[in-house]
file final30.txt (compact mmCIF, C-alpha atoms)
# COMPACT_ATOMS: atom_id res chain seq x y z
CA MET A 1 16.48 -7.08 13.61
CA SER A 2 16.68 -10.86 13.78
CA VAL A 3 15.02 -13.26 11.38
CA GLU A 4 12.46 -14.00 14.11
CA GLU A 5 11.29 -10.38 13.75
CA PRO A 6 10.56 -9.85 10.07
CA ALA A 7 9.54 -6.56 8.50
CA TYR A 8 5.85 -6.47 7.58
CA ILE A 9 5.07 -4.48 4.42
CA TYR A 10 1.39 -3.84 3.66
CA PHE A 11 0.69 -3.03 0.01
CA ILE A 12 -2.30 -0.66 0.03
CA GLY A 13 -3.96 1.42 -2.68
CA THR A 14 -7.13 2.00 -4.65
CA ALA A 15 -8.61 -0.77 -6.82
CA GLY A 16 -6.48 -1.43 -9.89
CA SER A 17 -3.40 0.36 -8.59
CA GLY A 18 -1.28 -2.79 -8.97
CA LYS A 19 -0.91 -4.08 -5.41
CA SER A 20 -0.86 -7.80 -6.22
CA THR A 21 1.52 -7.44 -9.15
CA LEU A 22 3.90 -5.29 -7.12
CA THR A 23 3.77 -7.82 -4.27
CA ARG A 24 4.98 -10.49 -6.68
CA THR A 25 7.58 -8.23 -8.28
CA PHE A 26 9.09 -7.12 -4.98
CA GLN A 27 9.28 -10.71 -3.76
CA ASN A 28 11.09 -11.67 -6.96
CA TRP A 29 13.49 -8.76 -6.52
CA LEU A 30 14.24 -9.80 -2.93
CA LYS A 31 14.88 -13.35 -4.13
CA PHE A 32 17.35 -12.05 -6.74
CA ARG A 33 19.18 -10.30 -3.88
CA GLY A 34 19.34 -13.50 -1.85
CA LEU A 35 16.74 -12.32 0.68
CA ASP A 36 13.91 -14.49 1.94
CA SER A 37 10.30 -13.29 2.02
CA ILE A 38 6.78 -14.67 2.09
CA THR A 39 3.54 -13.36 0.59
CA VAL A 40 0.24 -13.07 2.42
CA ASN A 41 -3.05 -12.61 0.57
CA LEU A 42 -5.58 -10.68 2.68
CA ASP A 43 -8.25 -10.39 -0.03
CA PRO A 44 -10.90 -13.13 0.40
CA GLY A 45 -12.54 -12.01 -2.83
CA ALA A 46 -9.47 -12.43 -5.03
CA ASP A 47 -10.30 -14.51 -8.09
CA PHE A 48 -6.76 -14.51 -9.47
CA LEU A 49 -3.37 -13.68 -8.00
CA PRO A 50 -0.13 -13.33 -10.00
CA TYR A 51 1.72 -15.20 -7.26
CA THR A 52 1.11 -18.24 -5.07
CA PRO A 53 0.55 -16.91 -1.54
CA ASP A 54 2.36 -18.59 1.33
CA VAL A 55 -0.49 -17.56 3.64
CA ASP A 56 -3.96 -17.08 2.16
CA ILE A 57 -7.01 -15.63 3.93
CA ARG A 58 -9.15 -17.67 1.53
CA ASP A 59 -8.14 -20.75 3.53
CA TRP A 60 -10.34 -19.44 6.35
CA ILE A 61 -12.86 -17.13 4.66
CA SER A 62 -14.94 -18.01 1.60
CA LEU A 63 -16.77 -15.16 -0.10
CA LYS A 64 -19.18 -17.60 -1.74
CA GLU A 65 -20.04 -19.23 1.59
CA ILE A 66 -20.69 -15.81 3.14
CA MET A 67 -22.98 -14.88 0.24
CA ASP A 68 -24.91 -18.14 0.61
CA GLU A 69 -25.11 -18.11 4.42
CA TYR A 70 -26.13 -14.47 4.83
CA ASP A 71 -27.99 -14.06 1.51
CA LEU A 72 -25.71 -11.21 0.44
CA GLY A 73 -24.47 -9.86 -2.85
CA PRO A 74 -20.74 -9.55 -3.63
CA ASN A 75 -20.37 -6.08 -2.08
CA GLY A 76 -22.11 -6.96 1.15
CA ALA A 77 -20.16 -10.18 1.41
CA GLN A 78 -16.88 -8.28 0.98
CA ILE A 79 -17.75 -6.10 3.98
CA VAL A 80 -18.62 -9.11 6.15
CA ALA A 81 -15.44 -10.86 5.00
CA ALA A 82 -13.37 -7.79 5.87
CA ASP A 83 -14.77 -7.80 9.40
CA MET A 84 -14.10 -11.52 9.70
CA LEU A 85 -10.44 -10.83 8.96
CA ALA A 86 -9.99 -9.77 12.59
CA LEU A 87 -11.51 -13.04 13.78
CA ASN A 88 -8.81 -14.96 11.95
CA ALA A 89 -5.92 -12.74 13.07
CA LYS A 90 -4.58 -15.44 15.42
CA GLU A 91 -4.55 -18.10 12.68
CA ILE A 92 -2.87 -15.70 10.24
CA LYS A 93 -0.23 -14.83 12.84
CA GLU A 94 0.50 -18.49 13.60
CA SER A 95 0.79 -19.33 9.90
CA ILE A 96 3.22 -16.45 9.28
CA GLU A 97 5.30 -17.40 12.31
CA GLY A 98 5.64 -20.89 10.87
CA PHE A 99 8.02 -19.38 8.33
CA LYS A 100 11.51 -18.20 9.20
CA THR A 101 11.75 -15.17 6.95
CA SER A 102 12.98 -11.58 6.88
CA TYR A 103 10.12 -9.94 4.98
CA VAL A 104 6.37 -10.49 5.08
CA LEU A 105 4.62 -8.93 2.07
CA LEU A 106 0.91 -8.46 2.72
CA ASP A 107 -1.38 -7.91 -0.26
CA THR A 108 -4.49 -6.09 1.01
CA PRO A 109 -8.04 -6.15 -0.46
CA GLY A 110 -8.69 -4.39 -3.75
CA GLN A 111 -11.05 -1.87 -2.18
CA ILE A 112 -8.96 0.29 0.13
CA GLU A 113 -11.86 0.98 2.51
CA LEU A 114 -12.14 -2.72 3.41
CA PHE A 115 -8.76 -2.66 5.12
CA VAL A 116 -8.02 0.96 6.04
CA PHE A 117 -11.43 2.22 7.16
CA ARG A 118 -12.77 -0.86 8.91
CA GLU A 119 -11.36 -1.76 12.30
CA SER A 120 -10.21 -5.21 11.21
CA GLY A 121 -7.15 -3.75 9.47
CA ASN A 122 -5.98 -2.08 12.68
CA ILE A 123 -6.68 -5.23 14.69
CA LEU A 124 -4.65 -7.41 12.33
CA ILE A 125 -1.67 -5.04 12.37
CA SER A 126 -1.72 -4.88 16.16
CA GLN A 127 -1.91 -8.70 16.37
CA LEU A 128 1.11 -9.15 14.12
CA ASN A 129 4.08 -6.83 14.72
CA PRO A 130 3.08 -3.14 14.60
CA LYS A 131 6.59 -1.98 15.57
CA ARG A 132 7.97 -3.75 12.51
CA SER A 133 5.22 -2.74 10.09
CA MET A 134 4.96 -0.18 7.31
CA VAL A 135 2.67 0.64 4.41
CA ALA A 136 3.71 0.75 0.78
CA TYR A 137 0.96 3.06 -0.51
CA LEU A 138 0.38 2.86 -4.26
CA LEU A 139 -0.73 6.00 -6.10
CA ASP A 140 -2.49 5.32 -9.39
CA PRO A 141 -0.56 7.07 -12.23
CA ILE A 142 -3.67 7.85 -14.27
CA LEU A 143 -5.49 9.47 -11.35
CA SER A 144 -2.29 11.39 -10.55
CA ARG A 145 -2.11 13.21 -13.88
CA THR A 146 -4.30 16.08 -12.66
CA ALA A 147 -3.34 18.21 -9.66
CA SER A 148 -6.71 17.63 -7.98
CA GLY A 149 -6.44 13.88 -8.51
CA PHE A 150 -2.91 13.88 -7.13
CA VAL A 151 -3.76 15.71 -3.89
CA THR A 152 -6.81 13.49 -3.40
CA GLN A 153 -4.57 10.43 -3.50
CA LEU A 154 -2.11 12.04 -1.10
CA LEU A 155 -5.04 12.64 1.23
CA LEU A 156 -5.89 8.93 1.10
CA SER A 157 -2.26 8.13 1.90
CA LEU A 158 -2.31 10.56 4.84
CA THR A 159 -5.59 9.05 6.06
CA THR A 160 -4.04 5.58 5.85
CA ARG A 161 -1.11 6.74 8.00
CA PHE A 162 -3.41 8.12 10.66
CA ARG A 163 -5.83 5.19 10.59
CA LEU A 164 -3.17 2.50 10.85
CA SER A 165 -0.55 4.43 12.87
CA ILE A 166 2.44 2.96 11.04
CA PRO A 167 4.95 4.55 8.61
CA VAL A 168 3.85 5.04 5.01
CA ALA A 169 5.98 5.18 1.85
CA ASN A 170 4.27 6.68 -1.20
CA LEU A 171 4.86 4.72 -4.40
CA LEU A 172 3.85 5.90 -7.86
CA SER A 173 2.60 2.64 -9.35
CA LYS A 174 2.99 1.66 -13.03
CA SER A 175 5.39 4.56 -13.57
CA ASP A 176 6.39 3.12 -16.95
CA LEU A 177 3.04 4.34 -18.28
CA LEU A 178 4.09 7.97 -17.78
CA LYS A 179 6.35 10.15 -19.87
CA LYS A 180 9.58 11.47 -18.38
CA GLU A 181 8.21 15.00 -18.05
CA GLU A 182 5.10 13.68 -16.30
CA LEU A 183 7.26 11.82 -13.79
CA GLU A 184 9.32 14.93 -13.07
CA LYS A 185 6.16 16.97 -12.59
CA LEU A 186 4.77 14.47 -10.08
CA ARG A 187 8.09 14.41 -8.21
CA ARG A 188 7.86 18.19 -7.82
CA TRP A 189 4.23 17.98 -6.79
CA SER A 190 5.07 15.44 -4.08
CA SER A 191 7.00 18.18 -2.24
CA ILE A 192 3.72 20.20 -2.14
CA ASP A 193 5.46 23.05 -3.97
CA GLU A 194 3.98 26.28 -5.28
CA GLY A 195 3.69 24.74 -8.73
CA LEU A 196 1.10 22.28 -7.44
CA TYR A 197 -0.92 25.08 -5.85
CA GLU A 198 -0.73 27.20 -9.00
CA THR A 199 -1.85 24.24 -11.13
CA ILE A 200 -4.87 23.70 -8.88
CA ILE A 201 -6.00 27.33 -8.92
CA ARG A 202 -5.79 27.32 -12.73
CA GLU A 203 -8.34 24.50 -12.88
CA ARG A 204 -11.94 25.36 -13.67
CA ALA A 205 -13.61 27.10 -10.73
CA THR A 206 -15.74 24.42 -9.09
CA ILE A 207 -16.44 23.17 -5.58
CA TYR A 208 -14.06 20.29 -6.41
CA ARG A 209 -11.24 22.77 -7.07
CA GLU A 210 -11.97 24.64 -3.82
CA LEU A 211 -11.89 21.33 -1.97
CA SER A 212 -8.55 20.49 -3.59
CA GLU A 213 -7.14 23.80 -2.31
CA GLN A 214 -8.25 22.97 1.23
CA ILE A 215 -6.82 19.44 0.96
CA LEU A 216 -3.51 20.96 -0.12
CA LEU A 217 -3.46 23.19 2.97
CA LEU A 218 -4.20 20.13 5.11
CA LEU A 219 -1.34 18.18 3.54
CA LYS A 220 1.07 21.05 4.16
CA HIS A 221 -0.11 21.33 7.78
CA PHE A 222 0.58 17.66 8.47
CA GLY A 223 3.89 17.65 6.65
CA GLU A 224 2.93 15.28 3.85
CA GLU A 225 5.91 16.37 1.71
CA THR A 226 7.18 12.80 1.46
CA PRO A 227 9.35 11.55 -1.42
CA LEU A 228 7.43 9.88 -4.22
CA ILE A 229 8.98 6.60 -5.37
CA PRO A 230 8.19 5.68 -9.00
CA VAL A 231 7.85 1.91 -9.30
CA SER A 232 7.15 -0.47 -12.14
CA SER A 233 6.47 -4.19 -12.13
CA THR A 234 7.38 -4.25 -15.82
CA ASP A 235 11.04 -3.22 -15.52
CA TYR A 236 11.60 -3.41 -11.72
CA THR A 237 11.97 0.35 -11.40
CA GLY A 238 11.94 1.44 -7.75
CA MET A 239 12.42 -1.98 -6.12
CA GLU A 240 15.75 -0.99 -4.59
CA ASP A 241 14.19 2.27 -3.38
CA ILE A 242 11.46 0.33 -1.56
CA TYR A 243 14.12 -1.88 -0.02
CA ASN A 244 16.14 1.15 1.12
CA VAL A 245 13.08 2.73 2.74
CA ILE A 246 12.54 -0.48 4.72
CA GLN A 247 16.17 -0.46 5.86
CA MET A 248 15.98 3.17 6.94
CA CYS A 249 12.73 2.51 8.75
CA TYR A 250 13.73 -0.52 10.77
CA ARG A 251 17.38 -1.33 10.36
CA ALA A 252 19.02 2.09 10.76
CA GLY A 253 20.18 1.95 7.15
CA GLU A 254 22.06 -1.33 7.53
CA ASP A 255 22.05 -3.32 4.29
CA THR A 256 21.02 -6.90 5.02
CA THR A 257 21.75 -8.28 1.56
CA SER A 258 23.20 -11.77 1.73
CA ASP A 259 26.79 -12.21 0.70
call {"tool": "encode", "arguments": {"input": "final30.txt", "output": "structure tokens"}}
result
Amino acid sequence: MSVEEPAYIYFIGTAGSGKSTLTRTFQNWLKFRGLDSITVNLDPGADFLPYTPDVDIRDWISLKEIMDEYDLGPNGAQIVAADMLALNAKEIKESIEGFKTSYVLLDTPGQIELFVFRESGNILISQLNPKRSMVAYLLDPILSRTASGFVTQLLLSLTTRFRLSIPVANLLSKSDLLKKEELEKLRRWSSIDEGLYETIIRERATIYRELSEQILLLLKHFGEETPLIPVSSTDYTGMEDIYNVIQMCYRAGEDTTSD
């Protein structure tokens, strides 16, 4: 793949899963390897970012102006802003193409539904380079500690894959917060093994548990036994694994590290 056709990596996950921090960390890691990348902020409601975006949706969409013009609160304005994302797809594309880079790291809105479940996310991906796009899906480590919470997050990842129709890599965010045995347990669970099923059926009998059992069957049916990559922005755990997934996805395993 030539430099004119960069890989587009969309960082997606629930609010607080660490998307923006991981965007910065992975860019730093690429820089250490001598690889060029740019960051794109797609969250018009972002008050603070741990990096300086090269392309920023806030240059075209102002949450405050939407609130004032349409007399909306913050939540309503976020929805309108998410829909307006598609209207600015051309400008975003032109700005990105102004850079000669190998990797485009796109930091999506904090609320996953604003990008995944509204049509603007699909439109933006299709306007950029869908054949060179993938999702880095962040699973929250705290929500993953229970079997039901873990399968619910895998369901969101599966839904993201179907909604956006591009490859998805599952990342366990903030893995440094977990103990070694917890990490090993989640690795086993990611293969949808019998241990995960047995853990679920041992949970208190509720409708939530029954739903978790059905979600598990759905995940098995659609082959969601994908490797779980523990990552950490604190100690750079998993950055090389993310890089390798990108190479396997789009470059047939060829390492593009600069000499």
call {"tool": "atom_distance", "arguments": {"input": "final30.txt", "atom1": "CA of Leu164 in chain A", "atom2": "CA of Gly13 in chain A"}}
result
13.6 Å
call {"tool": "closest_residue", "arguments": {"input": "final30.txt", "among": "A:Ser102, A:Ser62, A:Ser173, A:Ser20", "to": "Met239 in chain A", "atoms": "all atoms listed in the file"}}
result
A:Ser173
call {"tool": "atom_distance", "arguments": {"input": "final30.txt", "atom1": "CA of Lys100 in chain A", "atom2": "CA of Leu85 in chain A"}}
result
23.2 Å
call {"tool": "residues_near_point", "arguments": {"input": "final30.txt", "point": "(17.9, -17.7, -0.3)", "cutoff": "12 Å", "atoms": "all atoms listed in the file", "output": "list in words"}}
result
Gln27, Asn28, Trp29, Leu30, Lys31, Phe32, Arg33, Gly34, Leu35, Asp36, Ser37, Ile38, Lys100, Thr101, Ser102, Thr257, Ser258 and Asp259 of chain A
call {"tool": "closest_residue", "arguments": {"input": "final30.txt", "among": "A:Glu119, A:Glu181, A:Asp47, A:Glu94", "to": "Arg163 in chain A", "atoms": "all atoms listed in the file"}}
result
A:Glu119
call {"tool": "atom_distance", "arguments": {"input": "final30.txt", "atom1": "CA of Asp54 in chain A", "atom2": "CA of Phe115 in chain A"}}
result
19.8 Å
call {"tool": "closest_residue", "arguments": {"input": "final30.txt", "among": "A:Tyr197, A:Tyr137, A:Phe48, A:Tyr236", "to": "Ile112 in chain A", "atoms": "only C-alpha atoms"}}
result
A:Tyr137
call {"tool": "closest_residue", "arguments": {"input": "final30.txt", "among": "A:Gln78, A:Asn88, A:Ser190, A:Thr152", "to": "Thr14 in chain A", "atoms": "all atoms listed in the file"}}
result
A:Thr152
call {"tool": "closest_atom_pairs", "arguments": {"input": "final30.txt", "of": "range 111-171 of chain A", "to": "range 201-207 of chain A", "cutoff": "10 Å", "atoms": "all atoms listed in the file", "output": "CSV"}}
result
residue,atom,partner,partner_atom,distance
A:Thr146,CA,A:Glu203,CA,9.3
A:Ala147,CA,A:Glu203,CA,8.7
A:Ser148,CA,A:Glu203,CA,8.6
call {"tool": "closest_residue", "arguments": {"input": "final30.txt", "among": "A:Leu171, A:Ala136, A:Val40, A:Leu156", "to": "Pro53 in chain A", "atoms": "only C-alpha atoms"}}
result
A:Val40
call {"tool": "closest_atom_pairs", "arguments": {"input": "final30.txt", "of": "range 15-115 of chain A", "to": "range 227-232 of chain A", "cutoff": "12 Å", "atoms": "all atoms listed in the file", "output": "JSON lines"}}
result
{"residue": "A:Ser17", "atom": "CA", "partner": "A:Ser232", "partner_atom": "CA", "distance": 11.2}
{"residue": "A:Gly18", "atom": "CA", "partner": "A:Ser232", "partner_atom": "CA", "distance": 9.3}
{"residue": "A:Lys19", "atom": "CA", "partner": "A:Ser232", "partner_atom": "CA", "distance": 11.1}
{"residue": "A:Thr21", "atom": "CA", "partner": "A:Ser232", "partner_atom": "CA", "distance": 9.4}
{"residue": "A:Leu22", "atom": "CA", "partner": "A:Ser232", "partner_atom": "CA", "distance": 7.7}
{"residue": "A:Thr23", "atom": "CA", "partner": "A:Ser232", "partner_atom": "CA", "distance": 11.3}
{"residue": "A:Arg24", "atom": "CA", "partner": "A:Ser232", "partner_atom": "CA", "distance": 11.6}
{"residue": "A:Thr25", "atom": "CA", "partner": "A:Ser232", "partner_atom": "CA", "distance": 8.7}
{"residue": "A:Phe26", "atom": "CA", "partner": "A:Ser232", "partner_atom": "CA", "distance": 10.0}
{"residue": "A:Trp29", "atom": "CA", "partner": "A:Ser232", "partner_atom": "CA", "distance": 11.9}
call {"tool": "residues_around", "arguments": {"input": "final30.txt", "residues": "Ala77 in chain A", "least_positions_apart": "3", "cutoff": "7 Å", "atoms": "all atoms listed in the file", "output": "VMD selection string"}}
result
chain A and resid 63 66 to 67 72 to 74 80 to 81
call {"tool": "build_atoms", "arguments": {"input": "final30.txt", "residues": "range 181-192 of chain A", "atoms": "all heavy atoms", "output": "PDB file, in the coordinates of the input"}}
result
ATOM      1  N   GLU A 181       8.602  13.687 -18.573  1.00  0.00           N
ATOM      2  CA  GLU A 181       8.210  15.000 -18.050  1.00  0.00           C
ATOM      3  C   GLU A 181       7.062  14.891 -17.047  1.00  0.00           C
ATOM      4  O   GLU A 181       6.969  15.686 -16.100  1.00  0.00           O
ATOM      5  CB  GLU A 181       7.838  15.958 -19.186  1.00  0.00           C
ATOM      6  CG  GLU A 181       6.768  15.462 -20.145  1.00  0.00           C
ATOM      7  CD  GLU A 181       7.337  14.710 -21.340  1.00  0.00           C
ATOM      8  OE1 GLU A 181       8.458  14.168 -21.231  1.00  0.00           O
ATOM      9  OE2 GLU A 181       6.654  14.691 -22.377  1.00  0.00           O
ATOM     10  N   GLU A 182       6.193  13.897 -17.249  1.00  0.00           N
ATOM     11  CA  GLU A 182       5.100  13.680 -16.300  1.00  0.00           C
ATOM     12  C   GLU A 182       5.650  13.194 -14.956  1.00  0.00           C
ATOM     13  O   GLU A 182       5.188  13.624 -13.889  1.00  0.00           O
ATOM     14  CB  GLU A 182       4.101  12.671 -16.855  1.00  0.00           C
ATOM     15  CG  GLU A 182       3.275  13.188 -18.014  1.00  0.00           C
ATOM     16  CD  GLU A 182       2.321  12.139 -18.568  1.00  0.00           C
ATOM     17  OE1 GLU A 182       2.773  10.990 -18.785  1.00  0.00           O
ATOM     18  OE2 GLU A 182       1.141  12.460 -18.797  1.00  0.00           O
ATOM     19  N   LEU A 183       6.640  12.313 -15.012  1.00  0.00           N
ATOM     20  CA  LEU A 183       7.260  11.820 -13.790  1.00  0.00           C
ATOM     21  C   LEU A 183       7.929  12.956 -13.011  1.00  0.00           C
ATOM     22  O   LEU A 183       7.800  13.054 -11.780  1.00  0.00           O
ATOM     23  CB  LEU A 183       8.303  10.747 -14.109  1.00  0.00           C
ATOM     24  CG  LEU A 183       7.792   9.332 -14.348  1.00  0.00           C
ATOM     25  CD1 LEU A 183       8.929   8.425 -14.805  1.00  0.00           C
ATOM     26  CD2 LEU A 183       7.160   8.772 -13.093  1.00  0.00           C
ATOM     27  N   GLU A 184       8.645  13.810 -13.729  1.00  0.00           N
ATOM     28  CA  GLU A 184       9.320  14.930 -13.070  1.00  0.00           C
ATOM     29  C   GLU A 184       8.309  15.874 -12.439  1.00  0.00           C
ATOM     30  O   GLU A 184       8.537  16.407 -11.345  1.00  0.00           O
ATOM     31  CB  GLU A 184      10.197  15.674 -14.084  1.00  0.00           C
ATOM     32  CG  GLU A 184      11.429  14.892 -14.529  1.00  0.00           C
ATOM     33  CD  GLU A 184      12.289  14.471 -13.359  1.00  0.00           C
ATOM     34  OE1 GLU A 184      12.535  15.311 -12.465  1.00  0.00           O
ATOM     35  OE2 GLU A 184      12.707  13.295 -13.314  1.00  0.00           O
ATOM     36  N   LYS A 185       7.204  16.085 -13.128  1.00  0.00           N
ATOM     37  CA  LYS A 185       6.160  16.970 -12.590  1.00  0.00           C
ATOM     38  C   LYS A 185       5.601  16.400 -11.290  1.00  0.00           C
ATOM     39  O   LYS A 185       5.431  17.118 -10.294  1.00  0.00           O
ATOM     40  CB  LYS A 185       5.037  17.131 -13.613  1.00  0.00           C
ATOM     41  CG  LYS A 185       3.868  17.988 -13.132  1.00  0.00           C
ATOM     42  CD  LYS A 185       2.763  18.035 -14.174  1.00  0.00           C
ATOM     43  CE  LYS A 185       2.086  16.681 -14.326  1.00  0.00           C
ATOM     44  NZ  LYS A 185       0.934  16.737 -15.254  1.00  0.00           N
ATOM     45  N   LEU A 186       5.330  15.104 -11.273  1.00  0.00           N
ATOM     46  CA  LEU A 186       4.770  14.470 -10.080  1.00  0.00           C
ATOM     47  C   LEU A 186       5.784  14.458  -8.928  1.00  0.00           C
ATOM     48  O   LEU A 186       5.396  14.585  -7.758  1.00  0.00           O
ATOM     49  CB  LEU A 186       4.305  13.051 -10.397  1.00  0.00           C
ATOM     50  CG  LEU A 186       3.105  12.954 -11.342  1.00  0.00           C
ATOM     51  CD1 LEU A 186       2.777  11.500 -11.650  1.00  0.00           C
ATOM     52  CD2 LEU A 186       1.896  13.649 -10.743  1.00  0.00           C
ATOM     53  N   ARG A 187       7.057  14.327  -9.246  1.00  0.00           N
ATOM     54  CA  ARG A 187       8.090  14.410  -8.210  1.00  0.00           C
ATOM     55  C   ARG A 187       8.069  15.787  -7.544  1.00  0.00           C
ATOM     56  O   ARG A 187       8.188  15.907  -6.318  1.00  0.00           O
ATOM     57  CB  ARG A 187       9.476  14.144  -8.808  1.00  0.00           C
ATOM     58  CG  ARG A 187       9.802  12.682  -9.083  1.00  0.00           C
ATOM     59  CD  ARG A 187      11.239  12.589  -9.580  1.00  0.00           C
ATOM     60  NE  ARG A 187      11.616  11.262  -9.987  1.00  0.00           N
ATOM     61  CZ  ARG A 187      12.062  10.306  -9.180  1.00  0.00           C
ATOM     62  NH1 ARG A 187      12.141  10.556  -7.887  1.00  0.00           N
ATOM     63  NH2 ARG A 187      12.413   9.119  -9.653  1.00  0.00           N
ATOM     64  N   ARG A 188       7.924  16.826  -8.373  1.00  0.00           N
ATOM     65  CA  ARG A 188       7.860  18.190  -7.820  1.00  0.00           C
ATOM     66  C   ARG A 188       6.600  18.361  -6.991  1.00  0.00           C
ATOM     67  O   ARG A 188       6.636  18.939  -5.901  1.00  0.00           O
ATOM     68  CB  ARG A 188       7.910  19.222  -8.946  1.00  0.00           C
ATOM     69  CG  ARG A 188       9.237  19.291  -9.698  1.00  0.00           C
ATOM     70  CD  ARG A 188       9.310  20.538 -10.553  1.00  0.00           C
ATOM     71  NE  ARG A 188       8.238  20.602 -11.536  1.00  0.00           N
ATOM     72  CZ  ARG A 188       8.301  20.087 -12.750  1.00  0.00           C
ATOM     73  NH1 ARG A 188       9.403  19.439 -13.137  1.00  0.00           N
ATOM     74  NH2 ARG A 188       7.288  20.186 -13.600  1.00  0.00           N
ATOM     75  N   TRP A 189       5.494  17.854  -7.511  1.00  0.00           N
ATOM     76  CA  TRP A 189       4.230  17.980  -6.790  1.00  0.00           C
ATOM     77  C   TRP A 189       4.289  17.297  -5.431  1.00  0.00           C
ATOM     78  O   TRP A 189       3.667  17.748  -4.476  1.00  0.00           O
ATOM     79  CB  TRP A 189       3.100  17.383  -7.612  1.00  0.00           C
ATOM     80  CG  TRP A 189       2.611  18.271  -8.722  1.00  0.00           C
ATOM     81  CD1 TRP A 189       3.051  19.512  -9.045  1.00  0.00           C
ATOM     82  CD2 TRP A 189       1.571  17.963  -9.663  1.00  0.00           C
ATOM     83  NE1 TRP A 189       2.361  20.010 -10.133  1.00  0.00           N
ATOM     84  CE2 TRP A 189       1.452  19.076 -10.524  1.00  0.00           C
ATOM     85  CE3 TRP A 189       0.760  16.856  -9.869  1.00  0.00           C
ATOM     86  CZ2 TRP A 189       0.524  19.115 -11.563  1.00  0.00           C
ATOM     87  CZ3 TRP A 189      -0.172  16.884 -10.903  1.00  0.00           C
ATOM     88  CH2 TRP A 189      -0.298  18.008 -11.738  1.00  0.00           C
ATOM     89  N   SER A 190       5.039  16.193  -5.337  1.00  0.00           N
ATOM     90  CA  SER A 190       5.070  15.440  -4.080  1.00  0.00           C
ATOM     91  C   SER A 190       5.694  16.245  -2.950  1.00  0.00           C
ATOM     92  O   SER A 190       5.498  15.916  -1.774  1.00  0.00           O
ATOM     93  CB  SER A 190       5.828  14.117  -4.256  1.00  0.00           C
ATOM     94  OG  SER A 190       7.197  14.351  -4.498  1.00  0.00           O
ATOM     95  N   SER A 191       6.438  17.310  -3.266  1.00  0.00           N
ATOM     96  CA  SER A 191       7.000  18.180  -2.240  1.00  0.00           C
ATOM     97  C   SER A 191       6.012  19.287  -1.855  1.00  0.00           C
ATOM     98  O   SER A 191       6.349  20.175  -1.079  1.00  0.00           O
ATOM     99  CB  SER A 191       8.316  18.795  -2.715  1.00  0.00           C
ATOM    100  OG  SER A 191       8.099  19.655  -3.824  1.00  0.00           O
ATOM    101  N   ILE A 192       4.781  19.208  -2.392  1.00  0.00           N
ATOM    102  CA  ILE A 192       3.720  20.200  -2.140  1.00  0.00           C
ATOM    103  C   ILE A 192       4.274  21.601  -2.433  1.00  0.00           C
ATOM    104  O   ILE A 192       4.194  22.524  -1.600  1.00  0.00           O
ATOM    105  CB  ILE A 192       3.193  20.113  -0.679  1.00  0.00           C
ATOM    106  CG1 ILE A 192       3.033  18.665  -0.246  1.00  0.00           C
ATOM    107  CG2 ILE A 192       1.874  20.848  -0.552  1.00  0.00           C
ATOM    108  CD1 ILE A 192       1.975  17.898  -0.974  1.00  0.00           C
TER     109      ILE A 192
END
